[in-house]
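A.B. asks: To be precise about what I am sending: the file is called model-v4.txt and holds compact mmCIF, C-alpha atoms.
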# COMPACT_ATOMS: atom_id res chain seq x y z
CA MET A 1 114.56 81.08 10.65
CA PRO A 2 118.16 82.29 11.05
CA LEU A 3 119.02 85.58 9.41
CA LYS A 4 122.55 85.57 8.08
CA ALA A 5 124.70 88.21 6.44
CA GLU A 6 123.59 88.62 2.81
CA PRO A 7 125.54 86.07 0.79
CA ASN A 8 125.87 88.21 -2.33
CA ALA A 9 126.79 91.46 -0.58
CA GLU A 10 130.30 92.78 -1.14
CA LEU A 11 130.88 93.86 2.42
CA ASN A 12 133.58 96.43 3.07
CA GLU A 13 135.57 95.67 6.20
CA PRO A 14 135.10 98.31 8.92
CA LYS A 15 137.94 100.17 10.62
CA THR A 16 137.20 98.17 13.74
CA GLU A 17 134.77 95.34 14.34
CA ALA A 18 131.96 95.49 16.91
CA PRO A 19 133.16 94.87 20.50
CA ARG A 20 131.27 91.59 20.89
CA THR A 21 132.75 90.30 17.61
CA ILE A 22 136.27 90.99 18.81
CA GLU A 23 135.63 89.35 22.19
CA ALA A 24 133.88 86.35 20.63
CA LYS A 25 136.74 85.70 18.21
CA ARG A 26 139.24 85.70 21.07
CA GLU A 27 137.23 83.23 23.15
CA ARG A 28 138.11 79.55 22.61
CA ASN A 29 135.42 78.06 24.85
CA PRO A 30 132.22 77.60 22.72
CA LEU A 31 129.85 78.26 25.64
CA LYS A 32 131.68 81.40 26.75
CA ARG A 33 131.84 82.55 23.13
CA ALA A 34 128.06 82.18 22.81
CA ILE A 35 127.57 84.27 25.97
CA LYS A 36 129.88 87.02 24.67
CA ILE A 37 127.89 87.22 21.44
CA LEU A 38 124.76 88.15 23.39
CA GLY A 39 124.27 91.90 23.79
CA PRO A 40 121.73 94.49 22.55
CA GLY A 41 119.46 91.86 21.01
CA LEU A 42 119.08 89.91 24.24
CA ILE A 43 118.49 93.10 26.26
CA THR A 44 115.86 94.19 23.73
CA GLY A 45 114.15 90.80 23.91
CA ALA A 46 114.06 90.88 27.71
CA SER A 47 112.68 94.42 27.78
CA ASP A 48 110.00 93.44 25.27
CA ASP A 49 108.34 91.40 28.04
CA ASP A 50 107.61 94.56 30.02
CA PRO A 51 104.53 94.99 32.26
CA SER A 52 102.49 95.95 29.19
CA GLY A 53 103.50 92.68 27.56
CA ILE A 54 102.78 90.60 30.67
CA ALA A 55 99.35 92.23 31.06
CA THR A 56 98.54 91.79 27.37
CA TYR A 57 99.49 88.10 27.30
CA SER A 58 97.58 87.49 30.55
CA THR A 59 94.49 89.30 29.28
CA VAL A 60 94.51 87.47 25.93
CA GLY A 61 94.98 84.07 27.59
CA ALA A 62 92.19 84.76 30.09
CA GLN A 63 89.74 86.06 27.48
CA PHE A 64 90.38 83.77 24.52
CA GLY A 65 92.07 80.68 25.96
CA TYR A 66 94.41 78.78 23.68
CA SER A 67 93.05 80.35 20.49
CA ALA A 68 95.77 83.01 20.25
CA LEU A 69 98.75 80.69 20.77
CA TRP A 70 99.46 80.65 17.02
CA MET A 71 100.61 84.26 17.31
CA ALA A 72 103.83 83.20 19.08
CA PRO A 73 105.36 81.15 16.23
CA LEU A 74 104.03 83.68 13.70
CA THR A 75 105.58 86.76 15.33
CA PHE A 76 108.98 85.20 16.08
CA PRO A 77 110.43 85.46 12.53
CA LEU A 78 108.73 88.83 12.03
CA MET A 79 110.19 90.52 15.10
CA MET A 80 113.56 88.81 14.56
CA CYS A 81 113.76 90.20 11.03
CA ILE A 82 112.84 93.76 11.99
CA GLN A 83 115.22 93.86 14.97
CA TYR A 84 118.03 92.43 12.82
CA VAL A 85 117.46 95.18 10.24
CA CYS A 86 117.56 97.84 12.98
CA SER A 87 120.72 96.28 14.41
CA LYS A 88 122.31 96.30 10.95
CA ILE A 89 121.43 99.98 10.42
CA GLY A 90 123.22 100.90 13.65
CA LEU A 91 126.28 98.76 12.84
CA VAL A 92 126.65 99.88 9.22
CA THR A 93 126.01 103.60 9.61
CA GLY A 94 127.49 104.15 13.09
CA ARG A 95 124.35 106.15 13.95
CA GLY A 96 121.05 105.59 15.69
CA LEU A 97 117.91 105.31 13.59
CA ALA A 98 116.88 108.95 14.12
CA GLY A 99 120.40 110.11 13.25
CA VAL A 100 120.23 108.17 9.99
CA LEU A 101 116.85 109.71 9.16
CA ARG A 102 118.11 113.23 9.95
CA LYS A 103 121.08 112.82 7.65
CA ASN A 104 119.25 111.31 4.69
CA TYR A 105 115.59 112.37 4.80
CA SER A 106 113.49 115.50 5.07
CA GLY A 107 112.64 117.13 8.38
CA ALA A 108 108.96 116.25 7.90
CA VAL A 109 109.78 112.54 7.68
CA VAL A 110 112.16 112.66 10.64
CA TRP A 111 109.89 114.55 13.03
CA SER A 112 106.77 112.59 12.03
CA ALA A 113 108.56 109.37 12.97
CA ILE A 114 109.85 110.87 16.21
CA LEU A 115 106.41 112.22 17.17
CA ILE A 116 104.92 108.72 16.76
CA LEU A 117 107.73 107.28 18.87
CA VAL A 118 107.54 109.85 21.67
CA VAL A 119 103.75 109.59 22.03
CA ALA A 120 103.82 105.78 22.09
CA ASN A 121 106.80 105.57 24.44
CA VAL A 122 105.71 108.10 27.05
CA ILE A 123 102.26 106.50 27.30
CA ASN A 124 103.84 103.03 27.47
CA ALA A 125 106.31 104.16 30.14
CA GLY A 126 103.47 105.70 32.16
CA THR A 127 101.44 102.50 32.13
CA ASP A 128 104.53 100.47 33.07
CA ILE A 129 105.19 102.76 36.04
CA GLY A 130 101.58 102.23 37.11
CA ALA A 131 102.07 98.47 36.79
CA MET A 132 105.16 98.61 38.99
CA ALA A 133 103.10 100.45 41.59
CA ALA A 134 100.49 97.69 41.30
CA GLY A 135 103.27 95.20 41.99
CA VAL A 136 104.30 97.11 45.11
CA HIS A 137 100.66 97.15 46.24
CA LEU A 138 100.55 93.35 45.84
CA LEU A 139 103.56 93.03 48.14
CA LEU A 140 102.45 95.77 50.55
CA PRO A 141 98.62 96.00 50.47
CA GLN A 142 98.71 98.88 52.95
CA VAL A 143 100.48 101.05 50.33
CA PRO A 144 97.97 102.36 47.73
CA GLU A 145 99.07 102.19 44.10
CA LYS A 146 98.88 105.99 43.66
CA VAL A 147 101.12 106.51 46.69
CA ALA A 148 103.75 104.10 45.34
CA ILE A 149 103.96 105.78 41.93
CA ILE A 150 105.99 108.86 42.94
CA PRO A 151 108.78 107.12 44.94
CA ILE A 152 109.11 104.43 42.24
CA THR A 153 109.53 107.09 39.58
CA LEU A 154 112.03 109.11 41.57
CA VAL A 155 114.15 106.07 42.50
CA MET A 156 114.24 104.98 38.88
CA LEU A 157 115.03 108.46 37.56
CA PHE A 158 117.86 109.15 39.99
CA SER A 159 119.27 105.66 39.45
CA ILE A 160 119.43 106.29 35.69
CA ILE A 161 121.09 109.67 36.10
CA LEU A 162 123.53 108.86 38.92
CA PHE A 163 124.50 105.29 38.04
CA SER A 164 125.26 103.28 34.92
CA TYR A 165 122.04 101.89 33.45
CA LYS A 166 123.95 98.85 32.18
CA LYS A 167 125.15 98.01 35.69
CA LEU A 168 121.65 98.44 37.09
CA ALA A 169 120.22 96.29 34.29
CA ASN A 170 122.69 93.51 35.08
CA ILE A 171 121.35 93.46 38.65
CA LEU A 172 117.66 93.98 37.96
CA LYS A 173 117.47 91.47 35.12
CA TRP A 174 117.52 88.70 37.74
CA LEU A 175 114.04 89.77 38.81
CA THR A 176 112.80 88.94 35.32
CA LEU A 177 113.64 85.29 35.98
CA SER A 178 110.28 85.19 37.74
CA LEU A 179 108.77 85.08 34.22
CA PHE A 180 110.08 81.53 33.89
CA ALA A 181 107.50 80.62 36.53
CA TYR A 182 104.88 80.68 33.77
CA ILE A 183 106.82 78.02 31.85
CA VAL A 184 107.03 75.81 34.93
CA THR A 185 103.40 76.45 35.93
CA ALA A 186 102.20 75.18 32.55
CA PHE A 187 103.28 71.69 33.62
CA PHE A 188 101.54 71.93 37.01
CA CYS A 189 98.09 72.93 35.78
CA GLN A 190 95.61 71.03 33.65
CA VAL A 191 96.61 72.08 30.15
CA ASP A 192 94.60 70.55 27.32
CA TRP A 193 97.74 69.83 25.28
CA GLN A 194 95.84 68.50 22.27
CA VAL A 195 93.88 71.74 21.89
CA ALA A 196 96.93 73.85 22.77
CA MET A 197 99.11 72.20 20.10
CA ARG A 198 96.33 72.46 17.53
CA ASP A 199 95.85 76.18 18.23
CA THR A 200 99.63 76.70 18.18
CA LEU A 201 100.05 75.22 14.70
CA ILE A 202 96.70 76.13 13.11
CA PRO A 203 95.37 79.72 13.48
CA ASN A 204 92.05 79.68 15.33
CA PHE A 205 91.00 83.10 14.07
CA SER A 206 87.80 84.84 15.13
CA TRP A 207 86.13 87.89 13.59
CA GLN A 208 84.95 89.10 16.99
CA PRO A 209 86.00 92.74 17.53
CA GLY A 210 87.60 91.83 20.86
CA TYR A 211 89.67 89.08 19.23
CA ILE A 212 90.90 91.39 16.46
CA ALA A 213 91.84 93.97 19.11
CA ALA A 214 93.76 91.20 20.91
CA ILE A 215 95.71 90.40 17.72
CA VAL A 216 96.65 94.08 17.31
CA ALA A 217 97.69 94.20 20.98
CA LEU A 218 99.89 91.10 20.60
CA LEU A 219 101.52 92.54 17.48
CA GLY A 220 101.97 95.90 19.18
CA THR A 221 103.61 94.51 22.31
CA THR A 222 106.00 92.22 20.38
CA ILE A 223 106.84 94.46 17.41
CA SER A 224 106.94 97.77 19.28
CA PRO A 225 108.15 101.16 17.95
CA TYR A 226 110.55 101.75 20.84
CA LEU A 227 112.42 98.51 20.12
CA PHE A 228 113.36 99.72 16.61
CA PHE A 229 115.12 102.85 17.82
CA TRP A 230 116.60 101.22 20.92
CA GLN A 231 118.19 98.36 18.97
CA ALA A 232 120.09 100.65 16.58
CA SER A 233 121.13 103.10 19.32
CA ASN A 234 122.29 100.28 21.59
CA GLU A 235 124.60 98.99 18.87
CA VAL A 236 126.09 102.47 18.63
CA ASP A 237 126.45 102.75 22.41
CA GLU A 238 128.37 99.48 22.58
CA GLN A 239 130.91 100.84 20.11
CA LYS A 240 131.12 104.16 21.96
CA ASP A 241 131.88 102.28 25.18
CA ALA A 242 134.68 100.49 23.34
CA GLY A 243 136.26 103.82 22.35
CA ALA A 244 134.78 104.42 18.87
CA ARG A 245 133.54 107.93 19.66
CA SER A 246 133.24 109.32 16.12
CA VAL A 247 130.80 108.19 13.43
CA GLU A 248 133.67 107.51 11.05
CA ASP A 249 135.25 105.09 13.52
CA ARG A 250 131.96 103.23 13.90
CA LYS A 251 130.98 102.98 10.23
CA GLY A 252 130.94 99.64 8.50
CA ALA A 253 130.39 96.06 9.55
CA SER A 254 132.14 92.78 8.86
CA ARG A 255 130.45 89.52 7.98
CA ALA A 256 131.13 88.37 11.53
CA ASP A 257 129.45 91.52 12.94
CA LEU A 258 126.27 90.79 11.01
CA LYS A 259 126.38 87.08 11.81
CA TYR A 260 126.74 87.70 15.54
CA ALA A 261 124.10 90.44 15.45
CA ALA A 262 121.65 87.95 13.91
CA MET A 263 122.50 85.36 16.58
CA ASP A 264 122.12 87.94 19.35
CA VAL A 265 118.77 89.17 18.02
CA GLY A 266 117.58 85.60 17.47
CA ALA A 267 118.32 84.65 21.08
CA GLY A 268 116.59 87.77 22.43
CA MET A 269 113.47 87.37 20.31
CA PHE A 270 113.24 83.64 21.08
CA PHE A 271 113.34 84.39 24.81
CA SER A 272 110.69 87.08 24.40
CA ASN A 273 108.36 84.83 22.40
CA ALA A 274 108.82 81.84 24.71
CA VAL A 275 107.65 84.00 27.62
CA MET A 276 104.73 85.28 25.54
CA TYR A 277 103.67 81.73 24.60
CA PHE A 278 103.74 80.33 28.12
CA ILE A 279 101.99 83.29 29.74
CA ILE A 280 99.09 82.89 27.28
CA LEU A 281 99.14 79.10 27.77
CA THR A 282 99.20 79.30 31.57
CA CYS A 283 96.45 81.91 31.78
CA ALA A 284 94.32 79.89 29.35
CA ALA A 285 94.75 76.75 31.45
CA THR A 286 93.96 78.52 34.72
CA LEU A 287 91.98 81.75 34.38
CA PHE A 288 90.07 80.99 31.15
CA ARG A 289 89.35 77.42 32.29
CA ASN A 290 87.80 78.79 35.50
CA ASN A 291 85.80 81.50 33.69
CA GLN A 292 87.96 84.33 35.09
CA THR A 293 88.01 86.06 31.72
CA ASN A 294 88.11 89.72 32.78
CA ILE A 295 91.35 90.83 34.45
CA GLU A 296 90.82 94.10 36.27
CA SER A 297 93.76 94.00 38.70
CA ALA A 298 97.24 92.64 39.19
CA SER A 299 96.01 90.30 41.93
CA GLN A 300 93.60 88.65 39.47
CA ALA A 301 96.36 88.17 36.92
CA ALA A 302 98.63 86.69 39.60
CA LYS A 303 96.18 83.84 40.17
CA ALA A 304 97.52 82.16 37.03
CA LEU A 305 100.64 81.22 39.02
CA GLU A 306 98.78 79.68 41.97
CA PRO A 307 99.02 76.08 40.70
CA LEU A 308 102.80 76.37 41.12
CA VAL A 309 103.32 78.36 44.32
CA GLY A 310 99.88 78.85 45.84
CA PRO A 311 99.45 82.05 47.88
CA ALA A 312 103.02 83.07 47.01
CA ALA A 313 101.87 83.68 43.41
CA LYS A 314 101.45 87.38 44.11
CA TYR A 315 105.13 87.68 45.06
CA LEU A 316 106.30 86.09 41.81
CA PHE A 317 103.92 88.22 39.76
CA ALA A 318 104.98 91.39 41.59
CA ALA A 319 108.67 90.56 41.00
CA GLY A 320 107.94 90.21 37.30
CA PHE A 321 106.10 93.55 37.12
CA ILE A 322 108.72 95.45 39.13
CA GLY A 323 111.78 93.82 37.51
CA THR A 324 110.62 94.16 33.91
CA GLY A 325 109.39 97.70 34.65
CA PHE A 326 112.79 98.82 35.91
CA LEU A 327 114.36 97.35 32.77
CA ALA A 328 111.79 98.61 30.28
CA VAL A 329 110.94 102.16 31.42
CA PRO A 330 114.50 103.51 30.95
CA ILE A 331 114.54 101.88 27.50
CA LEU A 332 111.16 103.41 26.61
CA ILE A 333 112.14 106.88 27.78
CA GLY A 334 115.71 106.51 26.57
CA SER A 335 114.82 105.46 23.02
CA ALA A 336 112.50 108.47 22.63
CA CYS A 337 115.16 110.82 23.99
CA TYR A 338 117.82 109.20 21.81
CA ALA A 339 115.66 109.91 18.78
CA VAL A 340 115.04 113.58 19.64
CA SER A 341 118.71 114.14 20.55
CA GLU A 342 119.97 112.49 17.36
CA ALA A 343 117.57 114.57 15.27
CA LEU A 344 118.92 117.72 16.95
CA ASP A 345 122.52 116.42 16.71
CA TRP A 346 122.98 116.47 20.49
CA LYS A 347 125.20 114.14 22.47
CA CYS A 348 123.08 111.39 23.93
CA GLY A 349 123.15 108.02 25.62
CA PHE A 350 123.06 106.55 29.12
CA GLY A 351 126.79 106.00 28.75
CA GLU A 352 127.40 109.77 28.54
CA LYS A 353 128.06 111.88 31.62
CA CYS A 354 125.36 114.40 32.54
CA GLU A 355 127.62 117.39 31.85
CA ARG A 356 128.31 116.12 28.32
CA ALA A 357 124.68 115.38 27.45
CA ARG A 358 122.63 117.91 29.41
CA GLY A 359 119.86 118.18 26.81
CA PHE A 360 119.45 114.41 26.66
CA TYR A 361 119.19 114.02 30.44
CA TRP A 362 116.80 116.95 30.76
CA MET A 363 114.52 115.24 28.25
CA VAL A 364 114.83 111.96 30.17
CA GLY A 365 113.75 113.73 33.36
CA ILE A 366 110.85 115.61 31.81
CA SER A 367 109.58 112.58 29.86
CA THR A 368 109.70 110.39 32.96
CA ILE A 369 107.75 112.93 35.03
CA VAL A 370 105.12 113.28 32.27
CA ALA A 371 104.83 109.47 32.11
CA MET A 372 104.37 109.37 35.88
CA LEU A 373 101.63 112.03 35.82
CA LEU A 374 99.59 109.98 33.33
CA ASN A 375 98.87 107.60 36.20
CA PHE A 376 96.77 110.24 37.97
CA LEU A 377 94.12 110.26 35.22
CA HIS A 378 92.13 107.59 37.12
CA ILE A 379 92.58 104.84 34.51
CA ASN A 380 92.61 101.17 35.51
CA SER A 381 96.27 100.07 35.33
CA MET A 382 95.64 96.62 33.78
CA GLN A 383 93.31 98.04 31.14
CA ALA A 384 95.78 100.85 30.41
CA LEU A 385 98.57 98.30 29.82
CA TYR A 386 96.40 96.40 27.34
CA TRP A 387 95.31 99.50 25.44
CA THR A 388 98.91 100.70 25.31
CA ALA A 389 99.81 97.50 23.45
CA ILE A 390 96.99 98.23 20.98
CA LEU A 391 98.30 101.79 20.55
CA ASN A 392 101.78 100.43 19.76
CA GLY A 393 100.22 98.11 17.18
CA VAL A 394 98.45 101.02 15.51
CA LEU A 395 101.53 103.28 15.43
CA ALA A 396 104.09 100.67 14.32
CA PRO A 397 103.24 100.22 10.57
CA PRO A 398 104.45 103.64 9.31
CA LEU A 399 107.71 103.18 11.22
CA LEU A 400 108.10 99.68 9.77
CA ALA A 401 107.72 101.05 6.24
CA LEU A 402 110.33 103.72 6.96
CA ILE A 403 112.80 101.16 8.36
CA MET A 404 112.42 98.94 5.30
CA LEU A 405 112.96 101.91 2.96
CA VAL A 406 116.05 103.07 4.87
CA SER A 407 117.60 99.60 4.97
CA ASN A 408 117.18 99.26 1.18
CA ASP A 409 118.62 102.68 0.35
CA PRO A 410 122.13 102.31 -1.15
CA LYS A 411 122.88 105.92 -0.17
CA VAL A 412 122.46 104.91 3.46
CA MET A 413 123.54 101.27 3.52
CA GLY A 414 125.92 101.06 0.55
CA THR A 415 126.41 97.35 -0.21
CA TYR A 416 124.58 96.36 2.99
CA THR A 417 121.03 96.62 1.65
CA ASN A 418 118.66 93.80 2.53
CA SER A 419 118.62 90.35 0.97
CA LYS A 420 115.47 89.05 -0.72
CA LEU A 421 114.65 86.94 2.34
CA VAL A 422 114.92 89.86 4.76
CA ASN A 423 112.90 92.10 2.45
CA ALA A 424 110.18 89.48 2.07
CA VAL A 425 109.80 88.94 5.82
CA GLY A 426 110.08 92.68 6.56
CA TRP A 427 107.37 93.72 4.11
CA ILE A 428 105.14 90.82 5.20
CA THR A 429 105.45 92.18 8.75
CA PHE A 430 104.38 95.62 7.56
CA ALA A 431 101.48 94.16 5.55
CA LEU A 432 100.17 91.98 8.38
CA MET A 433 100.27 94.79 10.92
CA THR A 434 98.60 97.19 8.49
CA ILE A 435 95.84 94.67 7.74
CA ALA A 436 95.32 94.03 11.47
CA VAL A 437 95.00 97.76 12.15
CA GLY A 438 92.61 98.08 9.19
CA LEU A 439 90.43 95.29 10.57
CA LEU A 440 90.46 96.95 13.99
CA ALA A 441 89.30 100.23 12.43
CA TRP A 442 86.63 98.39 10.44
CA THR A 443 85.22 96.69 13.54
CA ALA A 444 85.23 100.00 15.40
CA VAL A 445 83.30 101.74 12.61
CA SER A 446 80.90 98.80 12.18
CA GLY A 447 80.22 98.77 15.90
CA GLN A 448 79.08 102.38 15.76
CA LYS A 449 76.41 101.65 13.18
Represent the structure contained in this file as structure tokens.

C.D. replies:
Amino acid sequence: MPLKAEPNAELNEPKTEAPRTIEAKRERNPLKRAIKILGPGLITGASDDDPSGIATYSTVGAQFGYSALWMAPLTFPLMMCIQYVCSKIGLVTGRGLAGVLRKNYSGAVVWSAILILVVANVINAGTDIGAMAAGVHLLLPQVPEKVAIIPITLVMLFSIILFSYKKLANILKWLTLSLFAYIVTAFFCQVDWQVAMRDTLIPNFSWQPGYIAAIVALLGTTISPYLFFWQASNEVDEQKDAGARSVEDRKGASRADLKYAAMDVGAGMFFSNAVMYFIILTCAATLFRNNQTNIESASQAAKALEPLVGPAAKYLFAAGFIGTGFLAVPILIGSACYAVSEALDWKCGFGEKCERARGFYWMVGISTIVAMLLNFLHINSMQALYWTAILNGVLAPPLLALIMLVSNDPKVMGTYTNSKLVNAVGWITFALMTIAVGLLAWTAVSGQK
């Protein structure tokens, strides 16, 4: 479902269009133009398939088979809508989401939202670091996971501070290509396509507490709090890199800006959901089919790729964990630190030099170290990744409500408030996630009786 610029909105032309809009308009070659349009939305989509996402999809496929495949087509329009709204907020206001909240809402609202974000992100980053260590252990069994955690964290932290994150991401994103192995593997293992297609198109819902928890986990790992803040801030960073340093220079968006933002977000979310679908499908056709329903380690999860590459499956799985971790952890930590810095009106962003954004980089360092230390609480890494997705699902609804209110506030958005279509999909997203969390709470309470 493509999301276009609102047809009835009287859009005021900005002082300067978004960098990707300018570049795309100059490009005559259609293929090259399409590539230039891709930016924050594609990066956000790729980072959404972080180790927590991989572990969640693998666990759900192993435990419940094909029965959760319907979640992929359901969540695609939902996450696309929310990320488009966040992208639009950044483009129209010239500020990140926390900066918009600080300027237009009370301190209680701002800091409540930031507290939710920081808690969710630091825990998520910690579990992703642990997953990266599990990936290293798969490659080098003689290196214990706990031993690998500290050097991984330090390498990542110093890389973020000393080098451009965008340049590192351009290199490391190639490791995420290992995720395409799940798509290929699906055609090498014995998939029951009739059942798979039926469960893709018709929800095969179960009232089992474990299944409801799986639904919340899938919602939480696809529609995650950190993605909301990162999307808006990344739009702002792109304009800063192009020379629009002041908020006034960044304010406003053209019809082309919003059109290209929707295309960019659509491509990123489609990539993210395709990976989600095929990981669940592959694990259902391999692990679930062979009664390997409980995934306790990375090596067990890697077995889903054995029909394609045999013993080399662990190398592909490890590449996916390590590559997506290096992409996602800076985004998790960065989006939380963006939010705090914007709320305090500090300079922030991975594009800023350390001397210009000392407070931001101090927070990045401290948050990363705290995330690392969470791994020494003796929690199983695969289980921690799954429960982190559930936590994101529980914490997302209040932030979703806030985003929908902000994007419909004429004081904030002027003539750029949401169309009826965007509002309908956005509030449906909020309602579905709230109902899922309510059902999870109900099963938890019922189970105690």

A.B. asks: Which residues of stretch 263-298 of chain A come within 12 Å of stretch 78-91 of chain A, and for each one, what is the closest pair of atoms and their distance in Å to one decimal, counting all atoms listed in the file, sorted by chain and residue number, as a tab-separated table?

C.D. replies:
residue	atom	partner	partner_atom	distance
A:Met263	CA	A:Tyr84	CA	9.2
A:Asp264	CA	A:Tyr84	CA	8.9
A:Val265	CA	A:Tyr84	CA	6.2
A:Gly266	CA	A:Met80	CA	5.9
A:Ala267	CA	A:Met80	CA	9.1
A:Gly268	CA	A:Met80	CA	8.5
A:Met269	CA	A:Met80	CA	5.9
A:Phe270	CA	A:Met80	CA	8.3
A:Phe271	CA	A:Met80	CA	11.2
A:Ser272	CA	A:Met79	CA	9.9
A:Asn273	CA	A:Met79	CA	9.4

A.B. asks: Counting all atoms listed in the file, which of A:Gly220, A:Gly126, A:Gly334, A:Pro410 gets nearest to A:Leu373?

C.D. replies: A:Gly126

A.B. asks: Kindly indicate which residue among A:Met363, A:Val136, A:Ile54, A:Ala256 lies nearest to A:Arg20, using only C-alpha atoms for the distances.

C.D. replies: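 The shortest atom-to-atom distance to A:Arg20 comes from A:Ala256.
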
A.B. asks: Could you check how far atom CA of A:Gly130 sits from atom CA of A:Thr153, in Å to one decimal?

C.D. replies: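 Separation of atom CA of A:Gly130 and atom CA of A:Thr153: 9.6 Å.
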
A.B. asks: Could you pull the residues within 10 Å of stretch 237-240 of chain A, counting only C-alpha atoms, minus those fewer than 4 positions along the same chain, as number ranges by chain?

C.D. replies: A: 16-20, 39-40, 90-91, 94-96, 231-233, 244-247, 249-250, 348-352

A.B. asks: Using all atoms listed in the file, find the one residue out of A:Leu97, A:Ser206, A:Ser341, A:Ala384 that sits nearest to A:Leu400.

C.D. replies: A:Leu97

A.B. asks: What is the distance between atom CA of A:Asp128 and atom CA of A:Pro51, in Å to one decimal?

C.D. replies: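 We find that atom CA of A:Asp128 and atom CA of A:Pro51 lie 5.5 Å from each other.
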
A.B. asks: Skipping near chain neighbours, those fewer than 4 positions away, what residues fall within 8 Å of stretch 284-295 of chain A using all atoms listed in the file, listed as a list in words?

C.D. replies: Thr59, Gly61, Ala62, Gln63, Phe64, Gly65, Tyr66, Ala186, Cys189, Gln190, Val191, Asp192, Ile280, Gln300, Ala301, Lys303, Ala304 and Met382 of chain A

A.B. asks: Keeping only C-alpha atoms, write the selected residues as a compact mmCIF listing (two decimals), in the coordinates of the input.

C.D. replies:
# COMPACT_ATOMS: atom_id res chain seq x y z
CA THR A 59 94.49 89.30 29.28
CA GLY A 61 94.98 84.07 27.59
CA ALA A 62 92.19 84.76 30.09
CA GLN A 63 89.74 86.06 27.48
CA PHE A 64 90.38 83.77 24.52
CA GLY A 65 92.07 80.68 25.96
CA TYR A 66 94.41 78.78 23.68
CA ALA A 186 102.20 75.18 32.55
CA CYS A 189 98.09 72.93 35.78
CA GLN A 190 95.61 71.03 33.65
CA VAL A 191 96.61 72.08 30.15
CA ASP A 192 94.60 70.55 27.32
CA ILE A 280 99.09 82.89 27.28
CA GLN A 300 93.60 88.65 39.47
CA ALA A 301 96.36 88.17 36.92
CA LYS A 303 96.18 83.84 40.17
CA ALA A 304 97.52 82.16 37.03
CA MET A 382 95.64 96.62 33.78

A.B. asks: Considering all atoms listed in the file, return as a list in words whatever protein or nucleic-acid residues lie within 6 Å of A:Phe317, sequence-local ones (same chain, fewer than 3 positions apart) excluded.

C.D. replies: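 Contacts, with the query itself left out: Ala302, Lys314 and Gly320 of chain A.
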
A.B. asks: Do you know which residues are at most 12 Å from A:Val100 counting all atoms listed in the file, after dropping those on the same chain fewer than 4 positions away, and could you put them as a VMD selection string?

C.D. replies: chain A and resid 86 89 to 96 104 to 107 109 to 110 229 232 to 233 236 247 251 339 342 to 345 402 to 403 405 to 407 409 411 to 413

A.B. asks: In Å, rounded to a single decimal, give me how far atom CA of A:Ile202 is from atom CA of A:Trp70.

C.D. replies: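 So the two atoms, atom CA of A:Trp70 and atom CA of A:Ile202, lie 6.6 Å apart.
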
A.B. asks: I need the residue nearest A:Ala261 from this list: A:Val340, A:Val119, A:Ala72, A:Ala34. Use all atoms listed in the file for the distance.

C.D. replies: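 Closest residue, counting all atoms listed in the file: A:Ala34.
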
A.B. asks: Box for stretch 435-447 of chain A: with edges along x, y and z, all listed atoms inside and 3 Å added on each side, what are the centre and edge lengths in Å to one decimal, as AutoDock Vina command-line options?

C.D. replies:
--center_x 88.0 --center_y 97.9 --center_z 11.8 --size_x 21.6 --size_y 13.7 --size_z 14.2
